[in-house]
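Report on the following structure.
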Amino acid sequence: MTTKKAGETKKAPEAQGITDVAELVRAERTHTRELIEGYRRSLRGSSRTLPKVVTYAKDDRKNTSGRIAADELEQLVNILDVVDADPAVFSSLAAKDHGKDPNKVETEPARHAIEILEALVPLVGELEAASRQAGDLALRLGELVRSVTTPAYAIANANAPINEGLRAGIAPTNDYYRNRVQTTKAAKAAKTTT
């Protein structure tokens, strides 16, 4: 089942029987919030068990040679089989193979890494898909919220000069947005000077 919004085709969350975000907000907000909190707890627990060997900077993550597709792993094992079949041809790789003998090419470290990748690569794909799904839901809920709060903010500010209650009520929000703009400008200025 799909729902359309502004010419887009979106997959509706059929598993929950919800076809509209407004319906989700009205009908299942407590259940959905509990599911999200449970998922977050699970992720926090699992992230503590994964080895934190390295943390890439954003640019390094874009440019690394370490991207490996799940269906590529079999081919990488094949390459290592070729190396093992005639190691003398590949002796120049001995210093780069992360093995124990600097004079002999060793494929065991790469094979061990592939064993981990066989479990990790699909997990990364599943987490990315879950992240996209959660991100899309957050964006859609944000659209729903902004459809009310954006015009309400404009109306409050338009009437604030003649309505003390509105002026006092909207003041913390005006301060928040003013500070956010200043922080963003300062961050951009710092980035351009570096």
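Ligands are numbered from 1 in the order shown, residues from 1 within each chain, and chains are lettered A, B, ... in the order they appear in the structure tokens.
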
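These are the residues of chain A assigned strand (DSSP E) by DSSP from backbone coordinates: Thr2, Thr3, Lys4, Lys5, Glu8, Thr9, Lys10 and Lys11 of chain A.
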
- Message: For the structure I just gave you, how does DSSP split range 48-179 of chain A - specifically, which residues are alpha helix (DSSP H)? Reply as a count of residues only.
- Response: 89

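Interatomic distance, CA of Asp59 in chain A against CA of Thr183 in chain A: 22.9 Å.
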